[in-house]
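Trainee: Structure in structure tokens, see below.
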Amino acid sequence: MHELPVAENLLEIALRHAGKANASKITDLYLVIGQLSSIIDDSIQFYWEIIAKDTIAEGAILHFKRIPTKIQCLDCDHQYPPSDKTLACPICNSISVKIISGEEFFLEAINVEN
């Protein structure tokens, strides 16, 4: 259910930027979402269609780009995608790691018509 406020924030951002551009219609929004994000594409799409109704964003197409998870070993600096079984480094077996990518969520671009 946390996708509703996310969709509302996306609409607010899109409308604000479209207003600054004197746009008559928002046609596309490009979202970047990390694999580890709890954001569900279908839920965002569902809420978007409801809240964008009767705005210049009605009918805008949401494009979802998923960013794969990448981890960095803090002991040997090796970067790798995590396995399904362990987060341990495949080079040195350390479990001292940090997430490099996969937690992103942002609006990358908006297309509008004037």
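Following the order of the structure tokens, first chain is A, next is B, and so on, with residues numbered from 1 inside each chain and ligands from 1 in the order they appear.
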For stretch 69-72 of chain A, list every protein, DNA or RNA residue within 6 Å, evaluated using only C-alpha atoms, and leave out those in the same chain fewer than 2 positions away; present the list as a list in words.

Mentor: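 In the requested form, the answer reads Gln35, Asp77, His78, Gln79, Tyr80, Pro81, Val97, Lys98, Ile99, Ile100, Ser101 and Gly102 of chain A.
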
Trainee: Could you take the residues named above and write them with C-alpha atoms, as a tab-separated table (two decimals), in the first residue's frame?

Mentor:
chain	number	residue	atom	x	y	z
A	35	GLN	CA	16.07	-4.63	-7.43
A	77	ASP	CA	37.08	-4.40	-2.76
A	78	HIS	CA	35.66	-6.97	-5.21
A	79	GLN	CA	32.29	-5.92	-6.66
A	80	TYR	CA	29.76	-8.62	-7.53
A	81	PRO	CA	26.07	-9.43	-7.80
A	97	VAL	CA	30.07	-5.97	2.44
A	98	LYS	CA	28.17	-2.88	1.37
A	99	ILE	CA	25.47	-2.40	-1.24
A	100	ILE	CA	26.69	-0.41	-4.25
A	101	SER	CA	23.46	-0.46	-6.28
A	102	GLY	CA	19.98	-1.93	-6.13

Trainee: Could you pull the residues within 9 Å of stretch 11-21 of chain A, counting only C-alpha atoms, minus those fewer than 5 positions along the same chain, as a tab-separated table (two decimals) with N, CA and C atoms, in the first residue's frame?

Mentor:
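The resulting file, part_12.tsv, is shown below:
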chain	number	residue	atom	x	y	z
A	6	VAL	N	3.80	7.04	-3.02
A	6	VAL	CA	4.87	7.14	-4.01
A	6	VAL	C	4.30	7.68	-5.32
A	26	ILE	N	1.57	15.67	-20.11
A	26	ILE	CA	2.69	14.82	-19.72
A	26	ILE	C	2.47	13.49	-20.43
A	29	LEU	N	6.79	9.08	-18.20
A	29	LEU	CA	7.64	9.22	-17.03
A	29	LEU	C	8.58	8.02	-17.01
A	48	TRP	N	-1.24	5.13	-10.30
A	48	TRP	CA	-1.02	6.24	-11.23
A	48	TRP	C	-2.26	6.50	-12.07
A	51	ILE	N	-4.88	8.34	-9.82
A	51	ILE	CA	-4.61	9.71	-9.35
A	51	ILE	C	-4.30	10.68	-10.49
A	52	ALA	N	-3.86	10.18	-11.64
A	52	ALA	CA	-3.55	11.07	-12.77
A	52	ALA	C	-4.81	11.46	-13.55
A	55	THR	N	-6.01	15.08	-14.95
A	55	THR	CA	-4.87	16.00	-14.90
A	55	THR	C	-4.18	15.94	-16.26
A	56	ILE	N	-3.18	16.80	-16.47
A	56	ILE	CA	-2.43	16.75	-17.74
A	56	ILE	C	-1.55	15.51	-17.82
A	57	ALA	N	-1.49	14.73	-16.75
A	57	ALA	CA	-0.72	13.49	-16.74
A	57	ALA	C	-1.57	12.26	-17.07
A	107	LEU	N	12.84	9.40	-10.26
A	107	LEU	CA	12.24	9.78	-11.54
A	107	LEU	C	13.37	10.32	-12.39
A	110	ILE	N	11.00	13.09	-17.66
A	110	ILE	CA	9.58	13.31	-17.98
A	110	ILE	C	9.51	13.86	-19.40
A	111	ASN	N	8.63	13.29	-20.20
A	111	ASN	CA	8.36	13.84	-21.53
A	111	ASN	C	7.04	14.57	-21.48
A	112	VAL	N	7.03	15.77	-22.09
A	112	VAL	CA	5.81	16.58	-22.11
A	112	VAL	C	5.57	17.10	-23.52
A	113	GLU	N	4.35	17.58	-23.73
A	113	GLU	CA	3.98	18.27	-24.97
A	113	GLU	C	3.59	19.69	-24.61
A	114	ASN	N	3.97	20.61	-25.46
A	114	ASN	CA	3.60	22.02	-25.23
A	114	ASN	C	2.41	22.41	-26.09

Trainee: Could you give me, as a PyMOL selection string, the residues within 8 Å of A:Glu108, counting only C-alpha atoms and dropping anything in the same chain fewer than 4 positions from it?

Mentor: chain A and resi 29-32

Trainee: Would you save the residues from that selection as a compact mmCIF listing (two decimals), in the first residue's frame, using C-alpha atoms?

Mentor:
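After the write, result-v3.txt holds the following:
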# COMPACT_ATOMS: atom_id res chain seq x y z
CA LEU A 29 7.64 9.22 -17.03
CA TYR A 30 10.87 7.22 -16.73
CA LEU A 31 11.38 5.59 -13.33
CA VAL A 32 14.56 3.94 -12.10

Trainee: Would you mind telling me which residue in A:Lys25, A:Phe106, A:Phe64, A:Ala7 lies nearest to A:Glu49 when using only C-alpha atoms?

Mentor: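 Using only C-alpha atoms, A:Glu49 sits closest to A:Ala7.
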
Trainee: For A:Pro90, which of A:Asp42, A:Asp75, A:Asp28, A:Glu103 is the closest residue, counting only C-alpha atoms?

Mentor: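 When distances to A:Pro90 are compared using only C-alpha atoms, the smallest one comes from A:Asp75.
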